[in-house]
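Below is one structure; the comments refer to it alone.
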Number of protein chains: 2
Amino acid sequence: MHSIVLLGSGNVAHHLFDAFSKVNSVTITQVYGRTEASLAHFNKKCSVTTNPSQIQDATVYLLAVNDDAIIEVSGLVKNKKGLVCHTSGAVSLKNLITARKGVFYPLQSFTKNQGIDFKNIPICVEAETNTDILLLQEIASTISNNVHAINSDQRRKLHLAAVFVNNFTNHLFQKGAEICQQEGLSFELLKPLIQETVDKLHDLAPKAAQTGPARRNDTNTMQRHLDELKHPLDKKLYQLLSESIKNTYEKEL
Amino acid sequence: MHSIVLLGSGNVAHHLFDAFSKVNSVTITQVYGRTEASLAHFNKKCSVTTNPSQIQDATVYLLAVNDDAIIEVSGLVKNKKGLVCHTSGAVSLKNLITARKGVFYPLQSFTKNQGIDFKNIPICVEAETNTDILLLQEIASTISNNVHAINSDQRRKLHLAAVFVNNFTNHLFQKGAEICQQEGLSFELLKPLIQETVDKLHDLAPKAAQTGPARRNDTNTMQRHLDELKHPLDKKLYQLLSESIKNTYEKEL
């Protein structure tokens, strides 16, 4: 039986806690948080503490805290024998100031109060020794069927890619919603198209699936669209994204 | 029983033909195409012709042709009594040079050889008289439960919004795939996150769902990401999309 102490009480901590609660071979024995209030979700189900000196011994310490807080919070367990892991996509393993360092990075965007099925979520693990990598793979496999041992460079790139396909994509959805709103149209109208855009990825690589005025180099339509966009920043976005698409297929046009 | 003559033999024509084939109250009686070869898909199931003078009479003529060809192809049926509709999001109703003009715009991105269930696809119809709008609503409702009468301004804006949520979004997926490829990582790793990005739209408007470094104004992470991007156009994309996100939430930060 592996024991985990969870440090952090936010969104990611909630989701990890709930996922491991359903597992037999791994137990979250304690949750550390800064305030009693933040520990309300956990305090009936396991030991909780706001006192760093009361943090228990465990096989693994999972730091589910903001990137900025990783160094500081890892300091709270720097004398522990267990493996200390942060859960960030962007922060180096080296930022941990503990003896045994690891990363336990679930490649997902977590929203509060929204249940998540971890089974298909990629969990990317990293550590300094093979033994620790195997330990993290074993633990991650109890909640996900999609576990990968990757290095720091790969993780940084995955995090960057995630910004493109998640954060930036969501912003384009918002631009679509804005345009609909201006004409008194429901954003619902766009949802089947959005789902189709994603469904296509099962059969086609995005490069092969590309369509639209920029892909066809249909300058008339692009000019009309630019005329319809009012905000200078929206025009720039349209131009740059179109330029980037044209650039991708330049040799083929 | 309403009769339809389909003009065009490409992707959209295939999908519309297959959808109406399953319907009892509407029949595609004929397909017109420029070449015999292009009509192979249709010629065992209905009358086909490459000869404009042999185009039959029908309740509705559906032009499933490229935007550039709409004026020319509508000329082939300019003396017909039926309602002539193009299927484009971007072209004005006025471009049709026929007596009765209409638009029958399925808001979807069609890929060859990929079956589509029309039931949830929004079909946006437009015509110059109420009678013709009702006729198009009746016909569209036989294949979709998501039929909307909209005007030309709204349709143009929908088409623009579709470029953002479909074409531009797909391009961001491609950027994500590229970044993965550079590090020897599979694009499969990003697919659960992409699906989650879309699933969230069921519960949250995209404006409320926004996360990421630009949303938090996390300048350290953004700078690191910019350093990791090699291609100047990719850096510009990252900068502009981040600027646009920051701009959206400026007053809240």
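Residue numbering restarts at 1 in every chain; chains get A, B, ... in the order shown in the structure tokens, and ligands count up from 1 in that same order.
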> Skipping near chain neighbours, those fewer than 2 positions away, what residues fall within 8 Å of Lys246 in chain A using only C-alpha atoms, listed as a ChimeraX atom specification?
Replying inline: /A:214-215,217,242-244,248-250
Once you have the residues from the selection above, write them out as a short mmCIF file (atom, residue, chain, number, x, y, z; two decimals), in the first residue's frame, restricted to N, CA and C atoms.
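Wrote result-v3.cif, looks like this:
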data_model
loop_
_atom_site.label_atom_id
_atom_site.label_comp_id
_atom_site.auth_asym_id
_atom_site.auth_seq_id
_atom_site.Cartn_x
_atom_site.Cartn_y
_atom_site.Cartn_z
N ALA A 214 -8.35 30.77 -45.91
CA ALA A 214 -6.89 30.89 -45.92
C ALA A 214 -6.26 29.66 -46.58
N ARG A 215 -6.82 28.49 -46.31
CA ARG A 215 -6.31 27.24 -46.90
C ARG A 215 -6.43 27.28 -48.42
N ASN A 217 -6.55 30.03 -50.09
CA ASN A 217 -6.04 31.34 -50.50
C ASN A 217 -7.14 32.14 -51.22
N SER A 242 -4.55 33.61 -40.59
CA SER A 242 -4.65 33.29 -42.02
C SER A 242 -3.25 33.18 -42.64
N GLU A 243 -2.37 34.12 -42.25
CA GLU A 243 -0.99 34.09 -42.76
C GLU A 243 -0.30 32.80 -42.34
N SER A 244 -0.52 32.40 -41.10
CA SER A 244 0.12 31.20 -40.59
C SER A 244 -0.41 29.95 -41.33
N THR A 248 1.79 27.50 -43.96
CA THR A 248 1.90 26.05 -43.78
C THR A 248 1.78 25.30 -45.11
N TYR A 249 0.94 25.83 -45.99
CA TYR A 249 0.65 25.11 -47.23
C TYR A 249 1.24 25.79 -48.45
N GLU A 250 2.11 26.78 -48.21
CA GLU A 250 2.61 27.64 -49.29
C GLU A 250 3.07 26.87 -50.51
#
>> Env of Ser141 in chain A: 9 Å cut, atoms = only C-alpha atoms, seq-sep filter 6 positions within chain, self excluded. Answer as a list in words.
In response: Lys119, Ile123 and Val147 of chain A
>> Env of Asp234 in chain A: 12 Å cut, atoms = only C-alpha atoms, seq-sep filter 6 positions within chain, self excluded. Answer as a ChimeraX atom specification.
In response: /A:171-172,174-176,178-179,225-228,240-241 /B:160-161,164,240-241,243-245,247-248
Could you please take those selected residues and save N, CA and C atoms as a tab-separated table (two decimals), in the first residue's frame?
chain	number	residue	atom	x	y	z
A	171	HIS	N	-10.07	30.64	-26.54
A	171	HIS	CA	-10.21	32.07	-26.86
A	171	HIS	C	-10.86	32.25	-28.25
A	172	LEU	N	-10.52	31.39	-29.18
A	172	LEU	CA	-11.17	31.46	-30.50
A	172	LEU	C	-12.66	31.13	-30.38
A	174	GLN	N	-14.37	31.91	-27.90
A	174	GLN	CA	-14.97	33.13	-27.36
A	174	GLN	C	-15.16	34.18	-28.45
A	175	LYS	N	-14.20	34.26	-29.35
A	175	LYS	CA	-14.34	35.19	-30.48
A	175	LYS	C	-15.58	34.81	-31.30
A	176	GLY	N	-15.77	33.53	-31.53
A	176	GLY	CA	-16.96	33.05	-32.25
A	176	GLY	C	-18.24	33.43	-31.51
A	178	GLU	N	-18.63	35.90	-29.43
A	178	GLU	CA	-18.78	37.36	-29.52
A	178	GLU	C	-19.43	37.78	-30.83
A	179	ILE	N	-18.95	37.18	-31.92
A	179	ILE	CA	-19.48	37.52	-33.26
A	179	ILE	C	-20.96	37.15	-33.34
A	225	HIS	N	-14.16	39.28	-44.76
A	225	HIS	CA	-14.16	39.00	-43.32
A	225	HIS	C	-13.44	40.09	-42.54
A	226	LEU	N	-12.30	40.53	-43.08
A	226	LEU	CA	-11.55	41.60	-42.40
A	226	LEU	C	-12.38	42.87	-42.32
A	227	ASP	N	-13.13	43.16	-43.37
A	227	ASP	CA	-13.99	44.35	-43.36
A	227	ASP	C	-15.08	44.24	-42.29
A	228	GLU	N	-15.53	43.02	-42.04
A	228	GLU	CA	-16.62	42.85	-41.08
A	228	GLU	C	-16.16	42.93	-39.63
A	240	LEU	N	-3.20	37.28	-38.95
A	240	LEU	CA	-2.04	36.48	-38.57
A	240	LEU	C	-2.35	34.98	-38.65
A	241	LEU	N	-3.53	34.59	-38.19
A	241	LEU	CA	-3.90	33.17	-38.28
A	241	LEU	C	-4.00	32.75	-39.74
B	160	LEU	N	-18.23	33.97	-40.66
B	160	LEU	CA	-17.00	34.53	-40.07
B	160	LEU	C	-16.69	33.84	-38.75
B	161	ALA	N	-17.72	33.68	-37.91
B	161	ALA	CA	-17.52	33.01	-36.62
B	161	ALA	C	-17.05	31.57	-36.84
B	164	PHE	N	-13.36	31.27	-37.26
B	164	PHE	CA	-12.65	31.30	-35.98
B	164	PHE	C	-12.73	29.95	-35.26
B	240	LEU	N	0.18	37.47	-30.02
B	240	LEU	CA	-1.08	38.13	-30.37
B	240	LEU	C	-2.27	37.46	-29.67
B	241	LEU	N	-2.27	36.13	-29.64
B	241	LEU	CA	-3.37	35.44	-28.97
B	241	LEU	C	-3.34	35.76	-27.47
B	243	GLU	N	-2.13	38.51	-26.13
B	243	GLU	CA	-2.55	39.90	-26.01
B	243	GLU	C	-4.07	40.00	-26.09
B	244	SER	N	-4.65	39.25	-27.00
B	244	SER	CA	-6.11	39.28	-27.18
B	244	SER	C	-6.82	38.73	-25.94
B	245	ILE	N	-6.25	37.69	-25.34
B	245	ILE	CA	-6.84	37.15	-24.10
B	245	ILE	C	-6.71	38.20	-22.98
B	247	ASN	N	-6.41	41.36	-23.20
B	247	ASN	CA	-7.31	42.47	-23.51
B	247	ASN	C	-8.76	42.19	-23.09
B	248	THR	N	-9.17	40.93	-23.24
B	248	THR	CA	-10.54	40.55	-22.90
B	248	THR	C	-10.83	40.71	-21.41
> B:Gly89, B:Gly75, B:Pro122, B:Pro232: which is nearest chain A, counting only C-alpha atoms?
Replying inline: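 Closest to chain A of all the choices is B:Pro122.
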>> Which residues are near Val77 in chain B? Cut-off 9 Å, only C-alpha atoms, ignore same chain within fewer than 2 positions. Put them as an NGL selection string.
In response: :B and (52 or 55 or 61 or 73-75 or 79-82 or 84 or 97-98)
> What does the distance from CA of Thr59 in chain A to CA of Ser88 in chain A come to in Å, to one decimal?
Replying inline: 19.5 Å
> By how many Å are CA of Thr49 in chain B and CA of Leu76 in chain B apart?
Replying inline: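 Answer for the CA of Thr49 in chain B to CA of Leu76 in chain B separation: 12.6 Å.
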>> Run DSSP on the backbone and tell me which residues of range 5-242 of chain B come out as strand (DSSP E or B); list them as a VMD selection string.
In response: chain B and resid 5 to 7 26 to 32 47 to 49 60 to 63 83 to 86 101 to 106 123 to 127 147 to 149
> Closest to chain B among A:Arg34, A:Lys235, A:Arg100, A:Lys157, using only C-alpha atoms?
Replying inline: A:Lys157
>> Run DSSP on the backbone and tell me which residues of range 16-201 of chain A come out as helix (DSSP H, G or I); list them as an MDAnalysis selection string.
In response: chainID A and resid 16:21 37:39 52:54 67:75 93:95 118:120 130:141 152:182 187:201
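Considering only C-alpha atoms, the residue among B:Ala37, B:Ala140, B:Leu107, B:Val12 positioned nearest to chain A is B:Leu107.
Between chain A and the residues B:Ser47, B:Asn24, B:Asn120, B:Gln137, the shortest atom-to-atom distance, using only C-alpha atoms, involves B:Asn120.
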> Using only C-alpha atoms, which residue out of A:Ser53, A:Asn95, A:Asn167, A:Gln30 lies closest to chain B?
Replying inline: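 Closest candidate: A:Asn167.
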> What is the distance, in Å and to one decimal place, between CA of Val23 in chain B and CA of Glu126 in chain B?
Replying inline: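 That distance, rounded to one decimal, is 21.7 Å.
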>> Quick one: residues within 12 Å of Leu134 in chain A, only C-alpha atoms, excluding same-chain residues fewer than 3 positions away - as a VMD selection string?
In response: chain A and resid 83 102 125 to 131 137 to 141 147 to 149
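Those residues that approach Thr29 in chain A to within 9 Å, counting only C-alpha atoms, are Ser3, Ile4, Val5, Leu6, Cys46, Ser47, Val48, Gln56 and Ala58 of chain A; same-chain residues fewer than 4 positions away are not listed.
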Next, the residues of the selection above should be written as an mmCIF file, in the first residue's frame with N, CA and C atoms.
data_model
loop_
_atom_site.group_PDB
_atom_site.id
_atom_site.type_symbol
_atom_site.label_atom_id
_atom_site.label_comp_id
_atom_site.auth_asym_id
_atom_site.auth_seq_id
_atom_site.Cartn_x
_atom_site.Cartn_y
_atom_site.Cartn_z
ATOM 1 N N SER A 3 1.387 5.283 0.345
ATOM 2 C CA SER A 3 0.708 6.413 0.984
ATOM 3 C C SER A 3 1.123 7.712 0.301
ATOM 4 N N ILE A 4 0.163 8.610 0.191
ATOM 5 C CA ILE A 4 0.416 9.923 -0.403
ATOM 6 C C ILE A 4 0.004 11.001 0.591
ATOM 7 N N VAL A 5 0.867 11.995 0.741
ATOM 8 C CA VAL A 5 0.438 13.222 1.402
ATOM 9 C C VAL A 5 0.290 14.283 0.324
ATOM 10 N N LEU A 6 -0.877 14.902 0.323
ATOM 11 C CA LEU A 6 -1.188 15.913 -0.680
ATOM 12 C C LEU A 6 -0.937 17.282 -0.060
ATOM 13 N N CYS A 46 -9.844 12.166 5.607
ATOM 14 C CA CYS A 46 -8.469 11.803 5.977
ATOM 15 C C CYS A 46 -7.933 12.842 6.947
ATOM 16 N N SER A 47 -6.730 12.623 7.428
ATOM 17 C CA SER A 47 -6.093 13.592 8.302
ATOM 18 C C SER A 47 -5.788 14.866 7.516
ATOM 19 N N VAL A 48 -5.983 16.014 8.140
ATOM 20 C CA VAL A 48 -5.620 17.281 7.495
ATOM 21 C C VAL A 48 -4.802 18.102 8.487
ATOM 22 N N GLN A 56 2.894 14.220 7.836
ATOM 23 C CA GLN A 56 3.261 12.829 8.117
ATOM 24 C C GLN A 56 4.284 12.278 7.113
ATOM 25 N N ALA A 58 5.337 9.654 4.225
ATOM 26 C CA ALA A 58 4.549 9.027 3.165
ATOM 27 C C ALA A 58 5.482 8.544 2.064
#
> Which is closer to Lys22 in chain A than all the others in A:Asp57, A:Glu72, A:Glu36, A:Asp117, using only C-alpha atoms?
Replying inline: A:Asp117
